[in-house]
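**Student:** Just so it is clear, I am handing over entry_5.cif, which has mmCIF, C-alpha atoms.
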```cif
data_structure
loop_
_atom_site.label_atom_id
_atom_site.label_comp_id
_atom_site.auth_asym_id
_atom_site.auth_seq_id
_atom_site.Cartn_x
_atom_site.Cartn_y
_atom_site.Cartn_z
CA MET G 21 119.93 177.53 125.28
CA LYS G 22 122.41 178.72 127.91
CA LYS G 23 125.85 177.24 127.35
CA ASN G 24 127.90 175.54 130.06
CA PRO G 25 131.62 175.78 129.13
CA ILE G 26 132.76 173.45 131.92
CA LEU G 27 130.29 170.74 130.90
CA GLY G 28 131.23 171.32 127.25
CA PHE G 29 134.92 170.82 128.06
CA ILE G 30 134.22 167.62 130.05
CA LEU G 31 132.09 166.20 127.22
CA ALA G 32 134.69 167.11 124.57
CA LEU G 33 137.40 165.53 126.70
CA THR G 34 135.27 162.41 127.16
CA ALA G 35 134.76 162.05 123.41
CA THR G 36 138.46 162.63 122.75
CA ALA G 37 139.56 160.08 125.36
CA MET G 38 137.11 157.48 124.03
CA TRP G 39 138.18 158.00 120.40
CA GLY G 40 141.81 157.94 121.49
CA THR G 41 141.48 154.64 123.35
CA LEU G 42 139.19 152.93 120.81
CA PRO G 43 141.93 151.54 118.50
CA ILE G 44 143.82 150.19 121.52
CA ALA G 45 140.79 148.15 122.60
CA ALA G 46 139.90 147.22 119.01
CA GLN G 47 143.39 145.83 118.39
CA GLN G 48 142.86 143.38 121.26
CA VAL G 49 139.47 142.23 119.95
CA LEU G 50 140.82 141.78 116.43
CA SER G 51 143.06 139.00 117.70
CA VAL G 52 139.97 136.72 117.86
CA MET G 53 137.58 138.43 115.44
CA GLN G 54 137.60 139.66 111.84
CA ALA G 55 137.34 143.39 111.24
CA GLN G 56 133.98 143.18 109.46
CA THR G 57 132.40 141.35 112.39
CA LEU G 58 133.62 143.90 114.93
CA VAL G 59 132.49 146.79 112.74
CA TRP G 60 129.11 145.10 112.19
CA ALA G 61 128.56 144.74 115.94
CA ARG G 62 129.60 148.34 116.61
CA PHE G 63 127.19 149.72 114.02
CA TRP G 64 124.22 147.70 115.26
CA VAL G 65 124.79 148.59 118.92
CA ALA G 66 125.20 152.30 118.11
CA GLY G 67 122.27 152.35 115.67
CA ILE G 68 119.82 150.56 117.96
CA GLY G 69 120.95 152.62 120.96
CA LEU G 70 120.43 155.87 119.10
CA PHE G 71 117.07 154.65 117.74
CA ILE G 72 115.85 154.02 121.30
CA ILE G 73 117.05 157.44 122.48
CA LEU G 74 115.39 159.29 119.59
CA ALA G 75 112.21 157.23 119.93
CA PHE G 76 111.84 158.17 123.60
CA ALA G 77 112.51 161.82 122.71
CA LYS G 78 110.00 161.55 119.82
CA LYS G 79 112.61 162.82 117.40
CA LEU G 80 112.80 159.98 114.90
CA PRO G 81 113.39 161.19 111.32
CA LYS G 82 110.48 161.23 108.86
CA LEU G 83 111.87 159.30 105.92
CA THR G 84 108.62 159.49 103.95
CA ALA G 85 109.37 163.16 103.26
CA SER G 86 112.83 162.39 101.90
CA ASN G 87 113.64 162.71 98.21
CA ARG G 88 116.06 160.90 95.91
CA LYS G 89 118.85 163.41 96.54
CA GLN G 90 118.67 162.89 100.30
CA PHE G 91 118.74 159.11 99.89
CA GLY G 92 121.77 159.52 97.61
CA LEU G 93 123.53 161.57 100.26
CA MET G 94 122.64 158.93 102.83
CA LEU G 95 124.29 156.27 100.66
CA LEU G 96 127.37 158.49 100.37
CA GLY G 97 127.46 158.78 104.15
CA VAL G 98 127.13 155.00 104.54
CA LEU G 99 130.02 154.48 102.11
CA GLY G 100 132.19 156.96 103.99
CA LEU G 101 131.57 155.76 107.53
CA SER G 102 131.48 152.03 106.81
CA GLY G 103 134.65 152.33 104.72
CA ASN G 104 136.36 154.30 107.46
CA PHE G 105 135.46 151.85 110.23
CA PHE G 106 136.46 148.78 108.22
CA LEU G 107 139.71 150.07 106.70
CA VAL G 108 141.02 151.50 109.97
CA ALA G 109 140.14 148.24 111.77
CA GLU G 110 141.96 146.23 109.08
CA GLY G 111 144.95 148.56 109.35
CA LEU G 112 145.26 147.76 113.06
CA HIS G 113 146.48 144.28 112.08
CA TYR G 114 149.70 145.88 110.79
CA ILE G 115 150.29 149.22 112.54
CA SER G 116 149.94 150.68 116.02
CA PRO G 117 146.85 152.53 117.29
CA THR G 118 148.90 155.74 117.54
CA THR G 119 149.84 155.54 113.85
CA THR G 120 146.19 155.18 112.82
CA GLN G 121 145.24 158.27 114.83
CA VAL G 122 148.10 160.36 113.46
CA LEU G 123 147.06 159.44 109.91
CA TRP G 124 143.47 160.33 110.82
CA GLN G 125 144.50 164.01 110.80
CA PHE G 126 144.39 163.89 106.99
CA ALA G 127 140.57 163.75 107.16
CA PRO G 128 139.89 167.27 108.47
CA PHE G 129 142.38 168.76 106.03
CA LEU G 130 140.76 167.01 103.08
CA MET G 131 137.42 168.36 104.35
CA ILE G 132 138.95 171.85 104.27
CA PHE G 133 140.15 171.39 100.69
CA LEU G 134 136.78 170.06 99.53
CA GLY G 135 135.06 172.92 101.34
CA VAL G 136 137.11 175.32 99.23
CA LEU G 137 136.35 173.44 96.00
CA LEU G 138 132.70 172.47 96.53
CA PHE G 139 131.31 175.08 98.91
CA LYS G 140 133.52 178.04 97.89
CA GLU G 141 134.88 178.37 101.41
CA ARG G 142 138.08 180.33 102.00
CA PHE G 143 141.42 178.53 102.42
CA THR G 144 142.78 180.68 105.23
CA PHE G 145 146.35 181.53 106.12
CA ALA G 146 146.12 179.50 109.35
CA GLN G 147 144.86 176.46 107.47
CA LYS G 148 147.79 176.70 105.07
CA ILE G 149 150.22 176.82 108.00
CA GLY G 150 148.39 173.89 109.59
CA PHE G 151 148.74 171.81 106.43
CA VAL G 152 152.49 172.53 106.21
CA LEU G 153 152.86 171.50 109.87
CA LEU G 154 150.91 168.31 109.12
CA ILE G 155 153.36 167.33 106.37
CA ILE G 156 156.41 168.20 108.51
CA GLY G 157 154.94 166.27 111.45
CA LEU G 158 154.24 163.19 109.34
CA LEU G 159 157.77 163.19 107.90
CA ALA G 160 159.13 163.33 111.45
CA PHE G 161 156.67 160.71 112.71
CA PHE G 162 157.73 158.18 110.05
CA ASN G 163 161.42 159.12 110.22
CA ASP G 164 162.55 155.57 111.02
CA LYS G 165 159.92 153.77 108.93
CA PHE G 166 160.68 155.01 105.41
CA HIS G 167 162.50 151.81 104.44
CA GLU G 168 159.43 149.76 105.43
CA LEU G 169 157.14 152.09 103.49
CA PHE G 170 159.26 151.96 100.33
CA GLN G 171 159.60 148.16 100.52
CA LEU G 172 155.80 147.82 100.56
CA SER G 173 155.91 145.74 103.74
CA HIS G 174 152.99 144.81 106.00
CA TYR G 175 153.60 148.10 107.80
CA ALA G 176 153.15 149.96 104.50
CA LEU G 177 149.90 148.06 103.91
CA GLY G 178 148.64 149.09 107.33
CA VAL G 179 149.52 152.73 106.65
CA LEU G 180 147.75 152.58 103.27
CA LEU G 181 144.61 151.01 104.76
CA SER G 182 144.46 153.52 107.60
CA LEU G 183 145.14 156.46 105.28
CA CYS G 184 142.40 155.33 102.88
CA GLY G 185 140.09 154.92 105.86
CA SER G 186 140.77 158.50 106.92
CA LEU G 187 140.25 159.87 103.40
CA ILE G 188 137.03 157.94 102.68
CA TRP G 189 135.56 159.32 105.92
CA VAL G 190 135.28 162.62 104.06
CA CYS G 191 132.38 161.13 102.06
CA TYR G 192 130.51 160.89 105.36
CA GLY G 193 131.57 164.40 106.36
CA ILE G 194 130.24 165.91 103.12
CA ALA G 195 127.02 163.91 103.31
CA GLN G 196 126.38 165.01 106.89
CA LYS G 197 127.10 168.65 106.04
CA LEU G 198 124.46 168.59 103.28
CA LEU G 199 121.93 166.45 105.18
CA LEU G 200 121.98 168.81 108.18
CA LYS G 201 119.62 171.02 106.17
CA HIS G 202 116.93 168.35 106.58
CA PHE G 203 117.82 166.26 109.66
CA SER G 204 119.56 166.70 113.02
CA SER G 205 123.05 165.26 113.46
CA GLN G 206 121.70 162.50 115.73
CA GLN G 207 119.06 161.51 113.18
CA ILE G 208 121.70 161.33 110.44
CA LEU G 209 123.97 159.19 112.61
CA MET G 210 121.14 156.79 113.50
CA MET G 211 120.16 156.26 109.87
CA ILE G 212 123.76 155.78 108.77
CA TYR G 213 124.63 153.44 111.66
CA LEU G 214 121.65 151.18 110.96
CA SER G 215 122.31 151.24 107.20
CA CYS G 216 125.96 150.34 107.78
CA GLY G 217 124.87 147.51 110.07
CA VAL G 218 122.64 146.14 107.31
CA ALA G 219 125.44 146.51 104.74
CA PHE G 220 127.90 144.52 106.87
CA THR G 221 125.44 141.78 107.87
CA PRO G 222 126.22 139.47 104.88
CA PHE G 223 129.96 139.65 105.63
CA ALA G 224 129.92 139.36 109.42
CA GLU G 225 130.21 136.08 111.31
CA ALA G 226 128.32 136.41 114.59
CA ALA G 227 129.79 133.08 115.72
CA GLN G 228 133.16 134.82 116.08
CA ILE G 229 131.80 136.64 119.12
CA GLY G 230 131.75 133.24 120.82
CA LYS G 231 135.53 133.07 120.39
CA ILE G 232 135.93 135.77 123.03
CA ASP G 233 137.24 133.66 125.88
CA SER G 234 138.27 136.05 128.64
CA PRO G 235 136.66 138.81 130.74
CA PHE G 236 139.34 141.21 129.47
CA LEU G 237 138.47 140.64 125.80
CA TRP G 238 134.76 140.85 126.61
CA GLY G 239 135.42 144.20 128.25
CA CYS G 240 137.32 145.41 125.17
CA PHE G 241 134.54 144.18 122.86
CA ILE G 242 131.76 145.85 124.87
CA TYR G 243 133.82 149.03 125.09
CA CYS G 244 134.27 149.08 121.29
CA CYS G 245 130.52 148.62 120.77
CA LEU G 246 129.50 151.34 123.24
CA ASN G 247 132.31 153.69 122.24
CA THR G 248 130.66 154.89 119.02
CA LEU G 249 127.37 155.75 120.72
CA ILE G 250 128.86 157.46 123.78
CA ALA G 251 131.72 159.28 122.03
CA TYR G 252 129.60 160.76 119.23
CA GLY G 253 126.86 161.61 121.74
CA SER G 254 129.34 163.40 124.00
CA TYR G 255 130.82 165.24 121.03
CA GLY G 256 127.40 166.36 119.79
CA GLU G 257 126.36 167.64 123.21
CA ALA G 258 129.75 169.35 123.68
CA LEU G 259 129.01 171.42 120.56
CA ASN G 260 125.73 172.50 122.17
CA GLN G 261 127.42 173.52 125.42
CA TRP G 262 130.68 175.08 124.19
CA GLU G 263 132.13 176.98 121.24
CA THR G 264 132.80 174.81 118.18
CA SER G 265 136.37 176.06 117.79
CA LYS G 266 137.23 175.14 121.38
CA VAL G 267 135.67 171.69 121.04
CA SER G 268 137.75 171.21 117.88
CA VAL G 269 140.95 172.06 119.76
CA VAL G 270 140.23 169.37 122.35
CA THR G 271 139.45 166.72 119.72
CA THR G 272 142.69 167.38 117.85
CA MET G 273 144.40 165.85 120.90
CA ILE G 274 143.15 162.35 119.97
CA PRO G 275 146.61 161.09 118.83
CA ILE G 276 148.14 162.33 122.08
CA PHE G 277 145.56 160.39 124.10
CA THR G 278 146.23 157.26 122.03
CA MET G 279 149.97 157.69 122.52
CA LEU G 280 149.60 158.28 126.27
CA PHE G 281 147.31 155.29 126.90
CA SER G 282 149.50 153.06 124.71
CA ILE G 283 152.53 153.97 126.81
CA LEU G 284 150.64 153.44 130.08
CA GLY G 285 149.16 150.15 128.89
CA HIS G 286 152.58 148.81 127.91
CA ARG G 287 154.12 150.12 131.12
CA PHE G 288 151.72 148.27 133.42
CA TYR G 289 150.70 145.32 131.20
CA PRO G 290 153.56 144.70 128.76
CA ALA G 291 152.34 141.18 127.97
CA VAL G 292 149.00 142.56 126.74
CA PHE G 293 149.68 145.96 125.20
CA ALA G 294 152.43 146.44 122.62
CA SER G 295 154.95 149.25 122.84
CA PRO G 296 154.18 152.30 120.64
CA ASP G 297 157.42 151.53 118.72
CA MET G 298 158.38 155.20 118.34
CA ASN G 299 161.64 157.08 118.75
CA GLY G 300 162.08 160.63 120.02
CA ILE G 301 161.65 162.21 116.59
CA SER G 302 158.43 160.24 116.08
CA TYR G 303 156.99 161.61 119.32
CA LEU G 304 157.96 165.12 118.22
CA GLY G 305 156.32 164.50 114.85
CA ALA G 306 153.07 163.43 116.50
CA PHE G 307 152.99 166.65 118.52
CA ILE G 308 153.68 168.72 115.37
CA VAL G 309 150.76 166.98 113.61
CA VAL G 310 148.49 167.90 116.53
CA ILE G 311 149.73 171.50 116.52
CA GLY G 312 149.03 171.65 112.79
CA ALA G 313 145.46 170.45 113.36
CA MET G 314 145.00 173.01 116.14
CA THR G 315 146.34 175.78 113.92
CA ALA G 316 143.89 174.87 111.17
CA ALA G 317 141.02 174.79 113.69
CA ILE G 318 141.54 178.05 115.57
CA GLY G 319 144.62 179.72 114.07
CA ASP G 320 142.79 182.53 112.28
CA LYS G 321 140.85 183.46 115.39
CA LEU G 322 144.03 183.37 117.47
CA PHE G 323 146.01 185.44 114.94
CA TYR G 324 143.18 187.99 114.84
CA GLN G 325 143.15 188.36 118.63
CA ILE G 326 146.94 188.69 118.76
CA GLY G 327 146.87 191.30 116.00
CA ARG G 328 144.14 193.28 117.76
CA SER G 329 146.09 193.22 121.03
CA LEU G 330 149.22 194.50 119.27
CA ARG G 331 147.25 197.30 117.61
CA LYS G 332 145.83 198.39 120.96
CA ARG G 333 149.33 198.64 122.45
CA THR G 334 150.53 200.82 119.60
#
```
Translate this structure into structure tokens?
**Tutor:**
Amino acid sequence: MKKNPILGFILALTATAMWGTLPIAAQQVLSVMQAQTLVWARFWVAGIGLFIILAFAKKLPKLTASNRKQFGLMLLGVLGLSGNFFLVAEGLHYISPTTTQVLWQFAPFLMIFLGVLLFKERFTFAQKIGFVLLIIGLLAFFNDKFHELFQLSHYALGVLLSLCGSLIWVCYGIAQKLLLKHFSSQQILMMIYLSCGVAFTPFAEAAQIGKIDSPFLWGCFIYCCLNTLIAYGSYGEALNQWETSKVSVVTTMIPIFTMLFSILGHRFYPAVFASPDMNGISYLGAFIVVIGAMTAAIGDKLFYQIGRSLRKRT
């Protein structure tokens, strides 16, 4: 298939913007709804939507040919994604959307470490630099919050929930990596979404949806439900239209998007959207975290090109 870099960039940017704004909208909805109910609704909307799309395309997975190992991997994926959605949503009761997205950067690095341990992948020089930048960036980001973290305050609880949510996502990442040998990424997502929806059904309270009492909150709720389907769909198609490394660079900008939209929201609607509650060093730390993620994603390729250019000049 012929690639379209411009379309790939637009799709990657769409996915990044949607993921970046998701916790901002979710935080509004969580003022009238429990996390498990919001997560339950998101999974069912995304799962049913993807089921309809795959059914029309005649690409539904053939589960009758699956074996016990594949079902085990599916359960691992359900644990990872449902845990991620729920824990991050719970964390939003205590910390800002920007903080959740900065902590999210732990997930790709843990995937790198597990890739080295489980799949014998190489831990490259650029990835090592990226990890060091991640730690430096996090220390700067939390520079004025250490006393709250050490006192085990509500803020510390939010950080712990969001961090655990980021780390447990890796279960989904590993499951998807292994299941891609048997199913397409869209088929895997559909099965996991629907399974997660079933898993959350006993804990969700559909009546809470009736507590949404304003067009604004309805808009936030609908956006949260459609976000998963559209964002993951845009990301998947971006990978088909553009180089994976370049798509990865765009998606590392998620915390920046969250930070930007949080600032704009508070600037124009201060009564609705809370201030990011960050000082100058925190903003610098967030940028360092993003640079670390970028370095891990494309650093080796960039270093190779720079080295080749220098060799040509000499």
**Student:** Please identify all polymer residues within 12 Å of Ile308 of chain G, counting all atoms listed in the file, omitting same-chain residues fewer than 4 positions from it, and present them as a PyMOL selection string.
**Tutor:** chain G and resi 122+125+149-161+272-273+275-276+301-304+312-315
**Student:** Which residue gives the smallest distance to Pro43 of chain G among G:Gly305, G:Gly230, G:Gly185, G:Pro117, with only C-alpha atoms counted?
**Tutor:** G:Pro117
**Student:** Determine the residue set returned by the PyMOL selection byres ((chain G and resi 317) around 8) for the present structure, and present it as a list in words.
**Tutor:**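 For this structure, the PyMOL selection byres ((chain G and resi 317) around 8) resolves to Gln147, Ser265, Ser268, Val269, Ala313, Met314, Thr315, Ala316, Ile318 and Gly319 of chain G.
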**Student:** Evaluate the PyMOL selection byres ((chain G and resi 191-197) around 6) on the structure here and hand back the selected residues as a ChimeraX atom specification.
**Tutor:** /G:93,96-97,100-101,188-190,198-200
**Student:** If we count all atoms listed in the file and set the cut-off at 10 Å, which residues sit around Ala61 of chain G, ignoring sequence neighbours fewer than 5 positions away in its own chain? Please answer as a ChimeraX atom specification.
**Tutor:** /G:56,66-67,217,220-221,224-226,229,241-242,244-246
**Student:** Report as a PDB file with C-alpha atoms, in the frame of the given file all protein, DNA and RNA residues lying within 10 Å of Ile250 of chain G, evaluated on only C-alpha atoms, omitting residues in the same chain fewer than 4 positions from it.
**Tutor:**
```pdb
ATOM      1  CA  LEU G  31     132.090 166.200 127.220  1.00  0.00           C
ATOM      2  CA  THR G  34     135.270 162.410 127.160  1.00  0.00           C
ATOM      3  CA  ALA G  35     134.760 162.050 123.410  1.00  0.00           C
ATOM      4  CA  MET G  38     137.110 157.480 124.030  1.00  0.00           C
ATOM      5  CA  TRP G  39     138.180 158.000 120.400  1.00  0.00           C
ATOM      6  CA  ALA G  66     125.200 152.300 118.110  1.00  0.00           C
ATOM      7  CA  GLY G  69     120.950 152.620 120.960  1.00  0.00           C
ATOM      8  CA  LEU G  70     120.430 155.870 119.100  1.00  0.00           C
ATOM      9  CA  TYR G 243     133.820 149.030 125.090  1.00  0.00           C
ATOM     10  CA  CYS G 245     130.520 148.620 120.770  1.00  0.00           C
ATOM     11  CA  LEU G 246     129.500 151.340 123.240  1.00  0.00           C
ATOM     12  CA  SER G 254     129.340 163.400 124.000  1.00  0.00           C
ATOM     13  CA  TYR G 255     130.820 165.240 121.030  1.00  0.00           C
ATOM     14  CA  GLY G 256     127.400 166.360 119.790  1.00  0.00           C
TER      15      GLY G 256
END
```
**Student:** So the first atom is atom CA of Gln261 of chain G and the second is atom CA of Gly28 of chain G; what is the distance between them in Å, to one decimal place?
**Tutor:**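 We find that atom CA of Gln261 of chain G and atom CA of Gly28 of chain G lie 4.8 Å from each other.
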**Student:** Let me make sure I understand: among G:Cys184, G:His202, G:Thr41, G:Gly135, which one has the smallest atom-to-atom distance to Gln90 of chain G if we use only C-alpha atoms?
**Tutor:**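 Closest to Gln90 of chain G of all the choices is G:His202.
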**Student:** Would you compute an axis-aligned box for segment 216-219 of chain G, covering every atom listed for it in the file with 3 Å of margin on each side, and report centre and edge lengths in Å to one decimal as JSON?
**Tutor:**
```
{"center_x": 124.3, "center_y": 148.2, "center_z": 107.4, "size_x": 9.3, "size_y": 10.2, "size_z": 11.3}
```
**Student:** Which residue, G:Ile232, G:Ile68, G:Leu187, G:Leu280, has the smallest gap to Gln54 of chain G when you use only C-alpha atoms?
**Tutor:** G:Ile232
**Student:** What would the selection look like, as a compact mmCIF listing (two decimals) with C-alpha atoms, in the coordinates of the input, if the PyMOL selection byres ((chain G and resi 115) around 12) were run on the coordinates I just shared?
**Tutor:**
```txt
# COMPACT_ATOMS: atom_id res chain seq x y z
CA PRO G 43 141.93 151.54 118.50
CA ILE G 44 143.82 150.19 121.52
CA GLN G 47 143.39 145.83 118.39
CA VAL G 108 141.02 151.50 109.97
CA ALA G 109 140.14 148.24 111.77
CA GLU G 110 141.96 146.23 109.08
CA GLY G 111 144.95 148.56 109.35
CA LEU G 112 145.26 147.76 113.06
CA HIS G 113 146.48 144.28 112.08
CA TYR G 114 149.70 145.88 110.79
CA SER G 116 149.94 150.68 116.02
CA PRO G 117 146.85 152.53 117.29
CA THR G 118 148.90 155.74 117.54
CA THR G 119 149.84 155.54 113.85
CA THR G 120 146.19 155.18 112.82
CA GLN G 121 145.24 158.27 114.83
CA VAL G 122 148.10 160.36 113.46
CA LEU G 123 147.06 159.44 109.91
CA PHE G 162 157.73 158.18 110.05
CA LYS G 165 159.92 153.77 108.93
CA GLU G 168 159.43 149.76 105.43
CA LEU G 169 157.14 152.09 103.49
CA SER G 173 155.91 145.74 103.74
CA HIS G 174 152.99 144.81 106.00
CA TYR G 175 153.60 148.10 107.80
CA ALA G 176 153.15 149.96 104.50
CA LEU G 177 149.90 148.06 103.91
CA GLY G 178 148.64 149.09 107.33
CA VAL G 179 149.52 152.73 106.65
CA LEU G 180 147.75 152.58 103.27
CA LEU G 181 144.61 151.01 104.76
CA SER G 182 144.46 153.52 107.60
CA LEU G 183 145.14 156.46 105.28
CA ALA G 294 152.43 146.44 122.62
CA SER G 295 154.95 149.25 122.84
CA PRO G 296 154.18 152.30 120.64
CA ASP G 297 157.42 151.53 118.72
CA MET G 298 158.38 155.20 118.34
```
**Student:** Give me, please, the distance in Å between atom CA of Thr271 of chain G and atom CA of Ile311 of chain G, quoted to one decimal.
**Tutor:**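 So the two atoms, atom CA of Thr271 of chain G and atom CA of Ile311 of chain G, lie 11.8 Å apart.
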**Student:** Can you work out which one of G:Phe223, G:Phe139, G:Trp262, G:Phe106 has the shortest atom-to-atom distance to Ala46 of chain G, counting all atoms listed in the file?
**Tutor:** G:Phe106
**Student:** So what do you get for atom CA of Leu249 of chain G versus atom CA of Arg62 of chain G, distance-wise?
**Tutor:**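 Taking atom CA of Leu249 of chain G as the start and atom CA of Arg62 of chain G as the end point, the length is 8.8 Å.
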**Student:** For segment 270-278 of chain G in the structure I just supplied, write out all heavy atoms - as a CSV table (one decimal), in the first residue's frame.
**Tutor:**
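Produced file result.csv, reproduced below:
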```csv
chain,number,residue,atom,x,y,z
G,270,VAL,N,5.4,11.9,17.3
G,270,VAL,CA,4.2,12.8,17.5
G,270,VAL,C,3.4,12.4,18.8
G,270,VAL,O,3.0,13.2,19.6
G,270,VAL,CB,3.2,12.6,16.3
G,270,VAL,CG1,2.0,13.5,16.5
G,270,VAL,CG2,3.9,13.1,15.0
G,271,THR,N,3.3,11.1,19.1
G,271,THR,CA,2.5,10.6,20.2
G,271,THR,C,3.2,10.9,21.6
G,271,THR,O,2.6,11.0,22.6
G,271,THR,CB,2.1,9.2,20.1
G,271,THR,OG1,3.3,8.4,20.0
G,271,THR,CG2,1.2,8.9,19.0
G,272,THR,N,4.5,11.1,21.5
G,272,THR,CA,5.2,11.4,22.8
G,272,THR,C,4.9,12.8,23.2
G,272,THR,O,5.1,13.2,24.4
G,272,THR,CB,6.8,11.4,22.6
G,272,THR,OG1,7.2,12.3,21.6
G,272,THR,CG2,7.2,10.0,22.3
G,273,MET,N,4.2,13.6,22.4
G,273,MET,CA,3.8,15.0,22.7
G,273,MET,C,2.5,15.0,23.5
G,273,MET,O,2.0,16.1,23.8
G,273,MET,CB,3.6,15.8,21.4
G,273,MET,CG,4.9,15.9,20.5
G,273,MET,SD,6.2,16.9,21.3
G,273,MET,CE,5.4,18.5,21.2
G,274,ILE,N,2.0,13.9,23.9
G,274,ILE,CA,0.7,13.9,24.6
G,274,ILE,C,0.7,14.8,25.8
G,274,ILE,O,-0.2,15.6,26.0
G,274,ILE,CB,0.3,12.4,25.0
G,274,ILE,CG1,-0.1,11.7,23.7
G,274,ILE,CG2,-0.9,12.4,25.9
G,274,ILE,CD1,-0.4,10.2,23.9
G,275,PRO,N,1.7,14.7,26.7
G,275,PRO,CA,1.7,15.6,27.9
G,275,PRO,C,1.7,17.1,27.5
G,275,PRO,O,1.1,17.9,28.2
G,275,PRO,CB,3.0,15.2,28.6
G,275,PRO,CG,3.3,13.8,28.2
G,275,PRO,CD,2.9,13.8,26.7
G,276,ILE,N,2.4,17.4,26.4
G,276,ILE,CA,2.4,18.8,26.0
G,276,ILE,C,1.0,19.3,25.6
G,276,ILE,O,0.6,20.4,25.9
G,276,ILE,CB,3.4,19.0,24.9
G,276,ILE,CG1,4.8,18.5,25.3
G,276,ILE,CG2,3.4,20.5,24.4
G,276,ILE,CD1,5.4,19.2,26.5
G,277,PHE,N,0.3,18.4,24.9
G,277,PHE,CA,-1.1,18.7,24.5
G,277,PHE,C,-2.0,18.9,25.7
G,277,PHE,O,-2.8,19.8,25.8
G,277,PHE,CB,-1.7,17.7,23.6
G,277,PHE,CG,-1.3,17.9,22.1
G,277,PHE,CD1,-0.1,17.6,21.6
G,277,PHE,CD2,-2.3,18.3,21.2
G,277,PHE,CE1,0.2,17.8,20.3
G,277,PHE,CE2,-2.0,18.5,19.9
G,277,PHE,CZ,-0.7,18.3,19.4
G,278,THR,N,-1.8,18.0,26.7
G,278,THR,CA,-2.6,18.1,27.9
G,278,THR,C,-2.3,19.4,28.6
G,278,THR,O,-3.2,20.1,29.1
G,278,THR,CB,-2.3,16.9,28.8
G,278,THR,OG1,-2.5,15.7,28.1
G,278,THR,CG2,-3.3,16.9,30.0
```
